[in-house]
Structure formats: C-alpha cells, structure tokens
Amino acid sequence: MADPSANQATIAGTQAWIRRQGRWSPYEIAFWIAVFVPFFFFPTYLTLASQIAIAALFALSVDLILGYAGIITLGHAMFFGLGAYAAGLLTKTGWGEPLTGLLISGAFVALVGFVVSFVIVRVQHLALLMITLGLGLLTLELANAMSWLTGGTDGLQGVSVWPIFGTFDYDLWGYTAYSYTLAVLFVGLLIARRIVHSAFGLSLRGIRENLNRMPAIGAPYQRRLQVIYTISAGMAGVAGALLTQTTSQVALDVLSFQRSADVVVMLILGGTGRLYGGIIGAIIFMVARDQLAGINPQYWYFWIGILLMIVVLVMPKGILGFLAQLWERIRR
Amino acid sequence: MSTETYALRTENLRKRFGSLEVARDVSITLPRGARHALIGPNGAGKTSLVNLITGQLPPDSGRVLLEGQDITRLNRAARVKAGLARTFQINQLFPALTPIEAITLAVTERKGTAGQFWRSLASHGDAIDEAWGILAQLRLTEVATRPTRVLAYGQQRLLEIGLALATRPKVLLLDEPAAGVPKGESAELFSVIAALPDDISVLFIEHDMSLVFKFAARIIVLVSGGVLLEAEPDVIRTDQRVRDVYLGQAHHG
Ligand SMILES: Nc1ncnc2c1ncn2[C@@H]1O[C@H](COP(=O)(O)OP(=O)(O)OP(=O)(O)O)[C@@H](O)[C@H]1O
Ligand SMILES: [Mg+2]
C-alpha cells in the first residue's frame, strides 16, 4: 500500500482522507461474510449465535454512548429490559407482528431514554456511574414489585410472536432466530455507522476528547448527548425486544445489574469506540461462557475475570485496538 | 447590529474566591478592531477576567456587553454564538482528533450543522474547505490529518487559535497564546495574530514585554484583580507604578 499520508497536504487529499474514514474496510466486509459461517458449519449453535447477535446489538448501543460520547454507564440493562418487557406485553395485547413489535418497543424505550437523558447529561464521572446504576436497580425493583404486569420473578410467560413476514416461523434449530437477529444487528450497525461518520459523530468525539472545550466553540453539547443517549436507549430496547421475540418469554434478569456489567465487559474486551469492538467482545464473551459453563457451570466467571484482566493489562484499547496497533506496526 | 463603537465592554465586574478578590470593579472597553494587551503579574486575575467575560465564571456583580448587547446571563456557548471567542493558557484541544477534524467540528458548530447525524461528514464539503482555509492561514496544512496529540507544541498553540477563529469571532480573547513556546517561535506566532483581519477585535494576555510593545496598540495593566492603568505602550513603558509592580516581581524580567 502506498503511504497514505503522501498527498494529504492538499485540500483534495484531505477531503479524500475524510471520505476514507467512513468507507467500508475489507475487514468489515470479511466480517459480514463470516457471520454466515454458523449456518453451514455450526448449525447446532444457531441459538447461541442469535444470542450473540442480540448481545452484540446491545453492546453496540453502549459503544455509541461510552465509546463515542464518553458517557459511562452501569445501568444500560434498564433499557434492554424495558424493551424486552415492552415486546412481551405487546404480544399480550394481541399484536404479535415482530417487526412492528421491534419498532414500537424501540420507540417506547427511546422515549424513556430521552426522559432519563435530562439527568444523565448533567452529571459526570462517579456521579454518572451511581445514577445509571441506581436507575438500573430501581427499574429492576419496580418490575419485581409490579408482578401483576411483569410476572415478577416467575417471568412473563405465554409470549406469542407471529411468524416474520407472516411466513418464517421460529424453528427449534434457530435458523429463523439467527437470520432475524443478524438482520437486525446489521441494520443497527448501518445506523451506528452513519451516526459516527457524520458531523454529529464528530461532535460526539469532540465531547469525549475534551468536554470543556466544546462550549468554547459554541457547541450545545448537552443537547448532543441527549440525542445520542436517546438513540442508544432505543437500540438497547430493540435488542431486548429481540430476546423476547426469539425466546418467547421474559425473565426478570433482563433488567439485572449483571447484564449491565456484562455488556460493559464485552465492550472493553473488544475495544471501545470502534463499532465492532462490542460485537467481537460479545462473540468472545458468549462463546467463552458457553464453553466454560459446560466444563464448570459455577465458576466460569472466574475465567472471564482472568480474561478481562489480561486484556486490560496487555491490550488497554481492547482486542480490536490491539490488532489495529499491531497492523500499524507491521505496515511500517 | 448596534451603533455602539466598542466591541466589548465590562462594567464593574467583581469576583471573589473566599477572601481573594480576583476582579475588583473591572471596567474595560475594547474598541472595534482593537489590538489590546492585558498584562499583570502572576495571579493578577487575567485568566479569571477572561473566564468572567466568556461565562466560564459567573461574576458576583457587574455586566458584560458585546456590541451593546448585555451577555452577562448568556451561557458560554451562546456567547460564542454572539461572536465572543477565546483561547486557553493551557491547551484545551481534542487529542485524538486531527486538526482538519477539530476545525471542521468548530465550523459545523457555528453553521448549526453539527447536529446532523443522517449525513456523512464528507458531505459537508463547504465546512471542510473553510477549515482547510483556516489551517492554511495558520500554516498547519502539512499536519492536517495527523492526530493532534502528535503535533509539535507550537503547532498545538496555533490550533488553539484556529479553533477560536473557526467560530468567526467579533472579539477574540487570547490567553497567553505563546505560553511555553520557545522565544524564537513566539514572534512568528504573534505575526499570525497581527495578520488577523481588522474586523476582529483582539485582547491578548502576554508576559513577554517585547512582544507586548511590538503587537499591542494599547495596554491594560491588571494588578490584584483591579485595573491599575490603561494606556498607550509609550506611556506604560515609562510609568513608575508599572515598573514598581514588575520590579516587585523580578522573575518576570
Ligand atoms: N476557581 C478558583 N478558585 C479559587 N481560586 C482561584 C480560582 N481560579 C483562580 N484562582 C486564584 O485567583 C488568582 C488569579 O488567578 P488567575 O489565573 O486569574 O491569574 P493570572 O493573572 O491569569 O495569572 P498567570 O499569569 O499565572 O496566568 C490566583 O491566585 C488563583 O490561584
Ligand atoms: Mg492566566
């Protein structure tokens, strides 16, 4: 490859450089081809694969706020869980069409996210962690207390979702579930991609890089943060709704603190602020959980803990960040 | 547009931190097209005054007027929108962004297009062109696509000014633009400031008196939060009180 900085000291070269930042890389294309591998080689793992796609979408929603806007969170399961319950309760009202179900659940959760965002953008650092944590716990307890609506600890049973496009019913092997979750993940990624490569995405990176400078260039950064928080909440809600639709039930643990923590772990494993970090992290986390839980069902978190420490110590920018640095070094 | 002949005015600005008064009835006026210097010993309250004017600090009392408009109650971003920009004594940059990205960000914020998440950044060609123009003015085009954190310190100081220029200010407050820059380079940096168009009124803070006398048309001396004197360079040069202040602070030379 030619030196990419060769002809940038011209306006045209710089325009081209900016265009290049938003272009599909060969790795991305390879990745979206590779996601079809489970269909052919691991058909018995399709259910797991759809769980991974859901976790990946959830992690992507967290990357938008944490990786791009620098909003840390320990309570994003709140939105995942609300989406899961919204999708479940919607079928209880007699409407089981999955695609509109996703949209309605996502829109509802985005609305909740918008309301919450007024608090979120006013706090930072430790206070932000505590507020997101507190809101997450609050929602969990609320769902528990409102067992007449949510089924409490028994979970929401009898969720019946209609076939997708009225044709594809959920099969035991998970062909439909994986195709469906994969398609939604892809759409989610397209949206996230558009956002981060826009002027708005640049503004978010500005906020992450130096919040204090933003008002000095006239940026209404709180409004920017509210917008991305709302979008992120909606995306997390869609991920939760997908879980309901593909498993036909909602357990209380969709709102658990564990889920909020796990998604951050996935993102940090894969690398923040890279779109694919959460996806790679979700794959590693979920596959590790599946394999390790098979060996020793009680202690598999022990190994996740070890893995997390190794990654953070050896690859502070996550696995993708590490690979990117490695690639830079090889190329030079 | 107002008919006022001044660009910026403060009226009796006061601010104290506990027992420390950092602004004592500060009333200054910047005429249109000003090239004013704000000088004073360390801790005199120069940066605090900039913070009061730009809204980073709320004053205890007093007013700030921009071309006749009372902006005392506007927040920081709104003041920037009204035409008041500043730079920082200690770099406030975006380390992972490249200069072209950082300046384009500031340009799109000014144009009101920075909230558009449905359009690619590359499609904001006019904003990118404008950002390029600013980088060219600051002689930073060679490093336009390098991350800010790898730039030479002097280039970072220029970018600090570039971010302020991208807001198209009427009034520009420069807080020690050459702070930390080697002596040889600081004159070059000031020549960029001197080349700014006349419709930008400039107030700069600077400790190096040779630069102050060279580039300022008028000088405001601030001591312990109060204006000691405002005058032409020739008057300041020979004023006994100013000498006393600076002799008392021998390390300023
Ligand atoms: N937020 C704050 N709280 C308390 N004291 C402050 C605060 N900001 C500044 N000060 C104090 O106010 C005084 C004036 O500080 P300021 O930064 O305005 O001085 P300055 O004239 O810019 O000095 P220098 O030439 O060193 O930059 C200093 O004694 C400083 O310690
Ligand atoms: Mg200062």
# chains A, B, ... in the order shown; residues from 1 in each chain; ligands from 1
call {"tool": "interface_residues", "arguments": {"of": "chain A", "to": "chain B", "cutoff": "10 Å", "atoms": "only C-alpha atoms", "output": "PyMOL selection string"}}
result
chain A and resi 5+7-22+191-221+223-224+227-228
call {"tool": "write_last_selection", "arguments": {"atoms": "N, CA and C atoms", "output": "compact mmCIF listing (two decimals), in the first residue's frame"}}
result
# COMPACT_ATOMS: atom_id res chain seq x y z
N SER A 5 -0.26 9.06 3.83
CA SER A 5 -0.16 10.49 4.14
C SER A 5 0.56 11.24 3.03
N ASN A 7 -0.20 12.43 -0.15
CA ASN A 7 -0.69 13.64 -0.82
C ASN A 7 -1.81 14.31 -0.05
N GLN A 8 -1.65 14.35 1.29
CA GLN A 8 -2.73 14.94 2.06
C GLN A 8 -2.60 16.43 2.25
N ALA A 9 -1.42 16.95 1.96
CA ALA A 9 -1.25 18.37 2.20
C ALA A 9 -1.91 19.20 1.10
N THR A 10 -2.93 18.65 0.48
CA THR A 10 -3.75 19.40 -0.46
C THR A 10 -5.19 19.29 0.01
N ILE A 11 -6.00 20.21 -0.41
CA ILE A 11 -7.39 20.18 0.01
C ILE A 11 -8.07 18.91 -0.52
N ALA A 12 -7.75 18.54 -1.75
CA ALA A 12 -8.38 17.34 -2.31
C ALA A 12 -7.95 16.09 -1.55
N GLY A 13 -6.67 16.03 -1.21
CA GLY A 13 -6.17 14.89 -0.45
C GLY A 13 -6.84 14.79 0.91
N THR A 14 -7.06 15.95 1.51
CA THR A 14 -7.69 15.96 2.83
C THR A 14 -9.15 15.56 2.75
N GLN A 15 -9.84 16.08 1.73
CA GLN A 15 -11.24 15.66 1.52
C GLN A 15 -11.30 14.15 1.34
N ALA A 16 -10.35 13.62 0.57
CA ALA A 16 -10.33 12.17 0.32
C ALA A 16 -10.05 11.42 1.62
N TRP A 17 -9.17 11.98 2.44
CA TRP A 17 -8.85 11.34 3.72
C TRP A 17 -10.11 11.25 4.59
N ILE A 18 -10.88 12.32 4.61
CA ILE A 18 -12.11 12.31 5.41
C ILE A 18 -13.11 11.29 4.85
N ARG A 19 -13.21 11.25 3.53
CA ARG A 19 -14.11 10.27 2.93
C ARG A 19 -13.67 8.85 3.29
N ARG A 20 -12.36 8.64 3.31
CA ARG A 20 -11.82 7.30 3.60
C ARG A 20 -12.21 6.84 5.00
N GLN A 21 -12.31 7.77 5.94
CA GLN A 21 -12.64 7.39 7.32
C GLN A 21 -13.99 6.69 7.40
N GLY A 22 -14.89 7.04 6.49
CA GLY A 22 -16.22 6.47 6.57
C GLY A 22 -16.46 5.32 5.60
N ILE A 191 -26.96 1.95 10.95
CA ILE A 191 -27.37 3.20 11.59
C ILE A 191 -26.22 3.78 12.42
N ALA A 192 -25.60 2.92 13.21
CA ALA A 192 -24.50 3.39 14.06
C ALA A 192 -23.35 3.94 13.22
N ARG A 193 -23.09 3.27 12.11
CA ARG A 193 -22.03 3.69 11.21
C ARG A 193 -22.31 5.08 10.64
N ARG A 194 -23.53 5.26 10.20
CA ARG A 194 -23.93 6.55 9.66
C ARG A 194 -23.73 7.64 10.71
N ILE A 195 -24.15 7.32 11.93
CA ILE A 195 -24.06 8.31 13.00
C ILE A 195 -22.61 8.69 13.30
N VAL A 196 -21.74 7.67 13.45
CA VAL A 196 -20.39 8.02 13.89
C VAL A 196 -19.58 8.69 12.77
N HIS A 197 -19.96 8.46 11.53
CA HIS A 197 -19.23 9.12 10.44
C HIS A 197 -19.92 10.39 9.95
N SER A 198 -20.78 10.94 10.79
CA SER A 198 -21.45 12.21 10.44
C SER A 198 -20.79 13.36 11.21
N ALA A 199 -21.25 14.57 10.91
CA ALA A 199 -20.77 15.73 11.67
C ALA A 199 -21.17 15.59 13.14
N PHE A 200 -22.34 15.02 13.36
CA PHE A 200 -22.80 14.77 14.73
C PHE A 200 -21.84 13.82 15.45
N GLY A 201 -21.42 12.77 14.73
CA GLY A 201 -20.47 11.82 15.31
C GLY A 201 -19.15 12.51 15.67
N LEU A 202 -18.72 13.43 14.81
CA LEU A 202 -17.50 14.19 15.09
C LEU A 202 -17.69 15.02 16.35
N SER A 203 -18.86 15.62 16.48
CA SER A 203 -19.16 16.43 17.65
C SER A 203 -19.13 15.56 18.92
N LEU A 204 -19.63 14.35 18.82
CA LEU A 204 -19.57 13.43 19.98
C LEU A 204 -18.13 13.13 20.36
N ARG A 205 -17.30 12.90 19.34
CA ARG A 205 -15.90 12.62 19.63
C ARG A 205 -15.24 13.83 20.28
N GLY A 206 -15.67 15.00 19.85
CA GLY A 206 -15.17 16.22 20.49
C GLY A 206 -15.54 16.25 21.97
N ILE A 207 -16.77 15.87 22.27
CA ILE A 207 -17.21 15.84 23.67
C ILE A 207 -16.37 14.85 24.46
N ARG A 208 -16.13 13.68 23.85
CA ARG A 208 -15.35 12.66 24.54
C ARG A 208 -13.91 13.14 24.76
N GLU A 209 -13.36 13.81 23.76
CA GLU A 209 -11.96 14.22 23.84
C GLU A 209 -11.73 15.40 24.77
N ASN A 210 -12.67 16.33 24.78
CA ASN A 210 -12.49 17.49 25.65
C ASN A 210 -13.81 18.23 25.85
N LEU A 211 -14.53 17.78 26.85
CA LEU A 211 -15.84 18.36 27.15
C LEU A 211 -15.74 19.87 27.38
N ASN A 212 -14.67 20.28 28.07
CA ASN A 212 -14.52 21.67 28.46
C ASN A 212 -14.35 22.60 27.27
N ARG A 213 -13.80 22.08 26.17
CA ARG A 213 -13.58 22.94 25.01
C ARG A 213 -14.87 23.16 24.24
N MET A 214 -15.80 22.22 24.34
CA MET A 214 -16.99 22.28 23.49
C MET A 214 -17.78 23.58 23.62
N PRO A 215 -18.10 24.04 24.84
CA PRO A 215 -18.82 25.32 24.92
C PRO A 215 -18.01 26.47 24.32
N ALA A 216 -16.68 26.36 24.38
CA ALA A 216 -15.83 27.43 23.86
C ALA A 216 -15.82 27.48 22.34
N ILE A 217 -16.34 26.44 21.67
CA ILE A 217 -16.53 26.56 20.22
C ILE A 217 -18.03 26.67 19.91
N GLY A 218 -18.80 26.99 20.92
CA GLY A 218 -20.22 27.27 20.69
C GLY A 218 -21.08 26.04 20.57
N ALA A 219 -20.62 24.89 21.09
CA ALA A 219 -21.36 23.65 20.91
C ALA A 219 -22.34 23.40 22.07
N PRO A 220 -23.62 23.20 21.74
CA PRO A 220 -24.59 22.85 22.78
C PRO A 220 -24.44 21.36 23.12
N TYR A 221 -23.41 21.03 23.90
CA TYR A 221 -23.04 19.62 24.00
C TYR A 221 -24.07 18.79 24.76
N ARG A 223 -27.28 18.96 24.47
CA ARG A 223 -28.28 18.51 23.51
C ARG A 223 -27.74 17.33 22.69
N ARG A 224 -26.47 17.45 22.29
CA ARG A 224 -25.84 16.36 21.53
C ARG A 224 -25.88 15.06 22.32
N VAL A 227 -29.33 13.50 22.46
CA VAL A 227 -29.71 12.81 21.22
C VAL A 227 -29.09 11.41 21.17
N ILE A 228 -27.79 11.32 21.44
CA ILE A 228 -27.15 10.00 21.32
C ILE A 228 -27.63 9.07 22.42
call {"tool": "closest_atom_pairs", "arguments": {"of": "chain B", "to": "ligand 2", "cutoff": "8 Å", "atoms": "only C-alpha atoms and all ligand atoms", "output": "JSON lines"}}
result
{"residue": "B:Asn42", "atom": "CA", "partner": "ligand 2", "partner_atom_place_in_ligand_line": "1 (Mg)", "distance": 7.1}
{"residue": "B:Gly43", "atom": "CA", "partner": "ligand 2", "partner_atom_place_in_ligand_line": "1 (Mg)", "distance": 7.0}
{"residue": "B:Gly45", "atom": "CA", "partner": "ligand 2", "partner_atom_place_in_ligand_line": "1 (Mg)", "distance": 7.0}
{"residue": "B:Lys46", "atom": "CA", "partner": "ligand 2", "partner_atom_place_in_ligand_line": "1 (Mg)", "distance": 5.4}
{"residue": "B:Thr47", "atom": "CA", "partner": "ligand 2", "partner_atom_place_in_ligand_line": "1 (Mg)", "distance": 4.0}
{"residue": "B:Ser48", "atom": "CA", "partner": "ligand 2", "partner_atom_place_in_ligand_line": "1 (Mg)", "distance": 7.2}
{"residue": "B:Gln89", "atom": "CA", "partner": "ligand 2", "partner_atom_place_in_ligand_line": "1 (Mg)", "distance": 6.2}
{"residue": "B:Asp175", "atom": "CA", "partner": "ligand 2", "partner_atom_place_in_ligand_line": "1 (Mg)", "distance": 6.7}
{"residue": "B:Glu176", "atom": "CA", "partner": "ligand 2", "partner_atom_place_in_ligand_line": "1 (Mg)", "distance": 7.3}
{"residue": "B:Ile205", "atom": "CA", "partner": "ligand 2", "partner_atom_place_in_ligand_line": "1 (Mg)", "distance": 7.9}
call {"tool": "select_by_dssp", "arguments": {"residues": "segment 37-252 of chain B", "states": "strand (DSSP E or B)", "output": "ChimeraX atom specification"}}
result
/B:37-39,61-66,69-70,84-86,120,171-175,201-205,218-223,226-231
call {"tool": "write_last_selection", "arguments": {"atoms": "N, CA and C atoms", "output": "compact mmCIF listing (two decimals), in the first residue's frame"}}
result
# COMPACT_ATOMS: atom_id res chain seq x y z
N ALA B 37 -3.39 44.63 24.74
CA ALA B 37 -2.73 43.62 25.57
C ALA B 37 -3.22 43.77 26.99
N LEU B 38 -3.36 42.63 27.67
CA LEU B 38 -3.70 42.63 29.09
C LEU B 38 -2.50 42.06 29.81
N ILE B 39 -1.86 42.90 30.64
CA ILE B 39 -0.66 42.42 31.34
C ILE B 39 -0.85 42.53 32.84
N SER B 61 -20.95 40.46 40.69
CA SER B 61 -21.78 41.56 40.19
C SER B 61 -21.09 42.16 38.98
N GLY B 62 -21.80 43.05 38.28
CA GLY B 62 -21.24 43.66 37.09
C GLY B 62 -21.84 43.08 35.82
N ARG B 63 -21.50 43.73 34.70
CA ARG B 63 -22.09 43.32 33.42
C ARG B 63 -21.02 43.14 32.35
N VAL B 64 -21.36 42.32 31.35
CA VAL B 64 -20.51 42.17 30.17
C VAL B 64 -21.37 42.53 28.96
N LEU B 65 -20.85 43.42 28.12
CA LEU B 65 -21.60 43.85 26.94
C LEU B 65 -20.81 43.57 25.67
N LEU B 66 -21.50 42.98 24.70
CA LEU B 66 -20.87 42.73 23.41
C LEU B 66 -21.61 43.55 22.37
N GLN B 69 -24.95 44.63 23.43
CA GLN B 69 -25.87 43.62 23.94
C GLN B 69 -25.37 43.08 25.27
N ASP B 70 -26.25 43.06 26.26
CA ASP B 70 -25.87 42.53 27.56
C ASP B 70 -25.82 41.00 27.48
N LEU B 84 -18.12 35.98 20.54
CA LEU B 84 -17.04 36.14 21.53
C LEU B 84 -16.29 34.82 21.65
N ALA B 85 -15.02 34.80 21.26
CA ALA B 85 -14.25 33.56 21.32
C ALA B 85 -12.99 33.76 22.15
N ARG B 86 -12.46 32.67 22.64
CA ARG B 86 -11.25 32.74 23.46
C ARG B 86 -10.34 31.56 23.14
N SER B 120 -23.21 12.15 5.95
CA SER B 120 -21.81 11.84 6.24
C SER B 120 -21.02 13.13 6.41
N VAL B 171 -14.95 39.34 18.67
CA VAL B 171 -13.98 39.63 19.71
C VAL B 171 -13.23 38.34 20.04
N LEU B 172 -11.89 38.46 20.06
CA LEU B 172 -11.07 37.28 20.33
C LEU B 172 -10.20 37.56 21.55
N LEU B 173 -10.34 36.72 22.56
CA LEU B 173 -9.54 36.86 23.78
C LEU B 173 -8.49 35.75 23.79
N LEU B 174 -7.23 36.15 23.73
CA LEU B 174 -6.13 35.17 23.65
C LEU B 174 -5.40 35.12 24.98
N ASP B 175 -5.50 34.00 25.67
CA ASP B 175 -4.86 33.88 26.98
C ASP B 175 -3.47 33.29 26.81
N SER B 201 -11.73 42.13 16.89
CA SER B 201 -11.10 42.90 17.96
C SER B 201 -10.38 41.92 18.88
N VAL B 202 -9.11 42.24 19.16
CA VAL B 202 -8.29 41.27 19.89
C VAL B 202 -7.81 41.83 21.22
N LEU B 203 -7.96 40.99 22.25
CA LEU B 203 -7.33 41.28 23.54
C LEU B 203 -6.44 40.09 23.85
N PHE B 204 -5.12 40.34 23.99
CA PHE B 204 -4.25 39.20 24.31
C PHE B 204 -3.51 39.41 25.61
N ILE B 205 -3.32 38.31 26.32
CA ILE B 205 -2.55 38.31 27.55
C ILE B 205 -1.15 37.83 27.20
N ARG B 218 -2.57 49.23 22.54
CA ARG B 218 -2.94 49.76 23.85
C ARG B 218 -2.77 48.67 24.89
N ILE B 219 -2.48 49.05 26.10
CA ILE B 219 -2.16 48.05 27.13
C ILE B 219 -2.98 48.32 28.39
N ILE B 220 -3.55 47.24 28.93
CA ILE B 220 -4.27 47.32 30.19
C ILE B 220 -3.45 46.59 31.24
N VAL B 221 -3.18 47.26 32.36
CA VAL B 221 -2.38 46.63 33.41
C VAL B 221 -3.30 46.23 34.55
N LEU B 222 -3.28 44.95 34.87
CA LEU B 222 -4.13 44.42 35.92
C LEU B 222 -3.25 44.01 37.10
N VAL B 223 -3.60 44.47 38.28
CA VAL B 223 -2.85 44.09 39.48
C VAL B 223 -3.83 43.74 40.59
N GLY B 226 -7.52 44.36 40.04
CA GLY B 226 -8.01 45.68 39.66
C GLY B 226 -7.20 46.27 38.52
N VAL B 227 -7.83 47.14 37.71
CA VAL B 227 -7.10 47.80 36.62
C VAL B 227 -6.25 48.90 37.22
N LEU B 228 -4.93 48.77 37.06
CA LEU B 228 -4.02 49.78 37.59
C LEU B 228 -3.96 50.95 36.63
N LEU B 229 -4.00 50.63 35.35
CA LEU B 229 -3.73 51.67 34.35
C LEU B 229 -4.06 51.13 32.97
N GLU B 230 -4.58 52.01 32.10
CA GLU B 230 -4.73 51.62 30.71
C GLU B 230 -4.17 52.75 29.86
N ALA B 231 -3.26 52.40 28.96
CA ALA B 231 -2.62 53.47 28.19
C ALA B 231 -1.90 52.93 26.97
call {"tool": "residues_around", "arguments": {"residues": "Met78 of chain A", "least_positions_apart": "3", "cutoff": "6 Å", "atoms": "only C-alpha atoms", "output": "VMD selection string"}}
result
chain A and resid 75 81 136 255
call {"tool": "residues_around", "arguments": {"residues": "segment 18-32 of chain B", "least_positions_apart": "2", "cutoff": "6 Å", "atoms": "only C-alpha atoms", "output": "list in words"}}
result
Tyr6, Ala7, Leu8, Arg9, Thr10, Glu11, Asn12, Leu13, Arg14, Lys15, Arg16, Ala34, Gly45, Ser201, Gly225 and Gly226 of chain B
call {"tool": "residues_around", "arguments": {"residues": "Trp162 of chain A", "least_positions_apart": "5", "cutoff": "12 Å", "atoms": "only C-alpha atoms", "output": "number ranges by chain"}}
result
A: 90-92, 94-101, 167-170, 245-246, 248
call {"tool": "residues_around", "arguments": {"residues": "Pro182 of chain B", "least_positions_apart": "4", "cutoff": "10 Å", "atoms": "only C-alpha atoms", "output": "JSON list (two decimals) with N, CA and C atoms, in the first residue's frame"}}
result
[["chain", "number", "residue", "atom", "x", "y", "z"],
["B", 153, "TYR", "N", 4.46, 21.27, 19.89],
["B", 153, "TYR", "CA", 3.74, 22.13, 20.83],
["B", 153, "TYR", "C", 3.33, 23.46, 20.19],
["B", 154, "GLY", "N", 4.23, 24.04, 19.42],
["B", 154, "GLY", "CA", 3.90, 25.32, 18.77],
["B", 154, "GLY", "C", 2.73, 25.18, 17.80],
["B", 178, "ALA", "N", 1.33, 32.47, 23.37],
["B", 178, "ALA", "CA", 2.69, 31.95, 23.17],
["B", 178, "ALA", "C", 3.23, 31.25, 24.42],
["B", 186, "SER", "N", 7.83, 32.39, 19.20],
["B", 186, "SER", "CA", 6.69, 33.15, 19.67],
["B", 186, "SER", "C", 6.43, 34.38, 18.81],
["B", 187, "ALA", "N", 7.49, 34.98, 18.26],
["B", 187, "ALA", "CA", 7.31, 36.14, 17.39],
["B", 187, "ALA", "C", 6.54, 35.74, 16.14]]
call {"tool": "residues_around", "arguments": {"residues": "segment 45-59 of chain A", "least_positions_apart": "2", "cutoff": "7 Å", "atoms": "only C-alpha atoms", "output": "PDB file with N, CA and C atoms, in the first residue's frame"}}
result
ATOM      1  N   PRO A  38     -21.897 -19.899  10.741  1.00  0.00           N
ATOM      2  CA  PRO A  38     -22.669 -20.804  11.607  1.00  0.00           C
ATOM      3  C   PRO A  38     -23.769 -21.562  10.872  1.00  0.00           C
ATOM      4  N   PHE A  42     -21.874 -24.708  11.939  1.00  0.00           N
ATOM      5  CA  PHE A  42     -22.266 -24.939  13.331  1.00  0.00           C
ATOM      6  C   PHE A  42     -23.777 -24.859  13.494  1.00  0.00           C
ATOM      7  N   PRO A  43     -24.521 -25.630  12.701  1.00  0.00           N
ATOM      8  CA  PRO A  43     -25.973 -25.472  12.768  1.00  0.00           C
ATOM      9  C   PRO A  43     -26.548 -25.766  14.164  1.00  0.00           C
ATOM     10  N   SER A  61     -25.042  -0.545  21.185  1.00  0.00           N
ATOM     11  CA  SER A  61     -25.780   0.606  21.730  1.00  0.00           C
ATOM     12  C   SER A  61     -24.971   1.279  22.841  1.00  0.00           C
ATOM     13  N   VAL A  62     -24.254   0.468  23.623  1.00  0.00           N
ATOM     14  CA  VAL A  62     -23.431   1.043  24.697  1.00  0.00           C
ATOM     15  C   VAL A  62     -22.199   1.722  24.109  1.00  0.00           C
ATOM     16  N   ASP A  63     -21.653   1.157  23.031  1.00  0.00           N
ATOM     17  CA  ASP A  63     -20.483   1.776  22.404  1.00  0.00           C
ATOM     18  C   ASP A  63     -20.811   3.189  21.926  1.00  0.00           C
ATOM     19  N   TRP A 173     -34.160 -25.271  15.672  1.00  0.00           N
ATOM     20  CA  TRP A 173     -32.724 -25.136  15.447  1.00  0.00           C
ATOM     21  C   TRP A 173     -32.253 -23.687  15.479  1.00  0.00           C
ATOM     22  N   GLY A 174     -33.187 -22.780  15.319  1.00  0.00           N
ATOM     23  CA  GLY A 174     -32.799 -21.382  15.395  1.00  0.00           C
ATOM     24  C   GLY A 174     -32.391 -20.766  14.067  1.00  0.00           C
ATOM     25  N   TYR A 175     -32.733 -21.401  12.935  1.00  0.00           N
ATOM     26  CA  TYR A 175     -32.419 -20.786  11.641  1.00  0.00           C
ATOM     27  C   TYR A 175     -33.080 -19.421  11.517  1.00  0.00           C
ATOM     28  N   ALA A 177     -34.380 -17.590  13.957  1.00  0.00           N
ATOM     29  CA  ALA A 177     -33.943 -16.662  15.009  1.00  0.00           C
ATOM     30  C   ALA A 177     -32.606 -16.019  14.647  1.00  0.00           C
ATOM     31  N   TYR A 178     -31.662 -16.837  14.148  1.00  0.00           N
ATOM     32  CA  TYR A 178     -30.357 -16.272  13.821  1.00  0.00           C
ATOM     33  C   TYR A 178     -30.459 -15.332  12.613  1.00  0.00           C
ATOM     34  N   THR A 181     -32.142 -12.055  13.968  1.00  0.00           N
ATOM     35  CA  THR A 181     -31.306 -11.219  14.838  1.00  0.00           C
ATOM     36  C   THR A 181     -30.119 -10.654  14.063  1.00  0.00           C
ATOM     37  N   LEU A 182     -29.582 -11.455  13.153  1.00  0.00           N
ATOM     38  CA  LEU A 182     -28.452 -10.997  12.349  1.00  0.00           C
ATOM     39  C   LEU A 182     -28.862  -9.814  11.470  1.00  0.00           C
ATOM     40  N   LEU A 185     -29.197  -6.809  13.648  1.00  0.00           N
ATOM     41  CA  LEU A 185     -27.858  -6.324  14.035  1.00  0.00           C
ATOM     42  C   LEU A 185     -27.227  -5.544  12.883  1.00  0.00           C
ATOM     43  N   GLY A 188     -28.782  -2.233  12.638  1.00  0.00           N
ATOM     44  CA  GLY A 188     -28.274  -1.437  13.760  1.00  0.00           C
ATOM     45  C   GLY A 188     -26.881  -0.912  13.472  1.00  0.00           C
ATOM     46  N   ALA A 236     -30.797  -0.320  22.500  1.00  0.00           N
ATOM     47  CA  ALA A 236     -30.756  -1.328  23.567  1.00  0.00           C
ATOM     48  C   ALA A 236     -32.150  -1.947  23.738  1.00  0.00           C
ATOM     49  N   ALA A 239     -32.720  -4.490  21.116  1.00  0.00           N
ATOM     50  CA  ALA A 239     -32.001  -5.728  21.452  1.00  0.00           C
ATOM     51  C   ALA A 239     -32.807  -6.544  22.458  1.00  0.00           C
ATOM     52  N   LEU A 242     -35.751  -8.145  20.820  1.00  0.00           N
ATOM     53  CA  LEU A 242     -35.318  -9.309  20.032  1.00  0.00           C
ATOM     54  C   LEU A 242     -35.221 -10.547  20.913  1.00  0.00           C
ATOM     55  N   LEU A 243     -34.697 -10.358  22.116  1.00  0.00           N
ATOM     56  CA  LEU A 243     -34.552 -11.504  23.025  1.00  0.00           C
ATOM     57  C   LEU A 243     -35.933 -12.090  23.344  1.00  0.00           C
ATOM     58  N   VAL A 263     -22.321  -6.268  29.617  1.00  0.00           N
ATOM     59  CA  VAL A 263     -22.233  -5.583  28.325  1.00  0.00           C
ATOM     60  C   VAL A 263     -21.028  -4.646  28.299  1.00  0.00           C
ATOM     61  N   MET A 266     -18.016  -6.859  27.746  1.00  0.00           N
ATOM     62  CA  MET A 266     -17.900  -7.227  26.323  1.00  0.00           C
ATOM     63  C   MET A 266     -17.247  -6.092  25.532  1.00  0.00           C
ATOM     64  N   LEU A 267     -17.724  -4.895  25.795  1.00  0.00           N
ATOM     65  CA  LEU A 267     -17.243  -3.739  25.043  1.00  0.00           C
ATOM     66  C   LEU A 267     -15.764  -3.486  25.321  1.00  0.00           C
ATOM     67  N   GLY A 278     -17.716  -4.053  20.414  1.00  0.00           N
ATOM     68  CA  GLY A 278     -18.774  -4.703  21.178  1.00  0.00           C
ATOM     69  C   GLY A 278     -19.191  -6.018  20.546  1.00  0.00           C
ATOM     70  N   ILE A 279     -19.161  -6.053  19.217  1.00  0.00           N
ATOM     71  CA  ILE A 279     -19.577  -7.269  18.512  1.00  0.00           C
ATOM     72  C   ILE A 279     -18.560  -8.383  18.754  1.00  0.00           C
ATOM     73  N   ALA A 282     -18.779  -9.461  22.315  1.00  0.00           N
ATOM     74  CA  ALA A 282     -19.950 -10.311  22.564  1.00  0.00           C
ATOM     75  C   ALA A 282     -19.674 -11.740  22.115  1.00  0.00           C
ATOM     76  N   ILE A 283     -19.019 -11.876  20.971  1.00  0.00           N
ATOM     77  CA  ILE A 283     -18.703 -13.228  20.475  1.00  0.00           C
ATOM     78  C   ILE A 283     -17.799 -13.950  21.481  1.00  0.00           C
ATOM     79  N   MET A 286     -19.676 -14.595  24.937  1.00  0.00           N
ATOM     80  CA  MET A 286     -20.757 -15.580  24.911  1.00  0.00           C
ATOM     81  C   MET A 286     -20.229 -16.977  24.597  1.00  0.00           C
TER      82      MET A 286
END
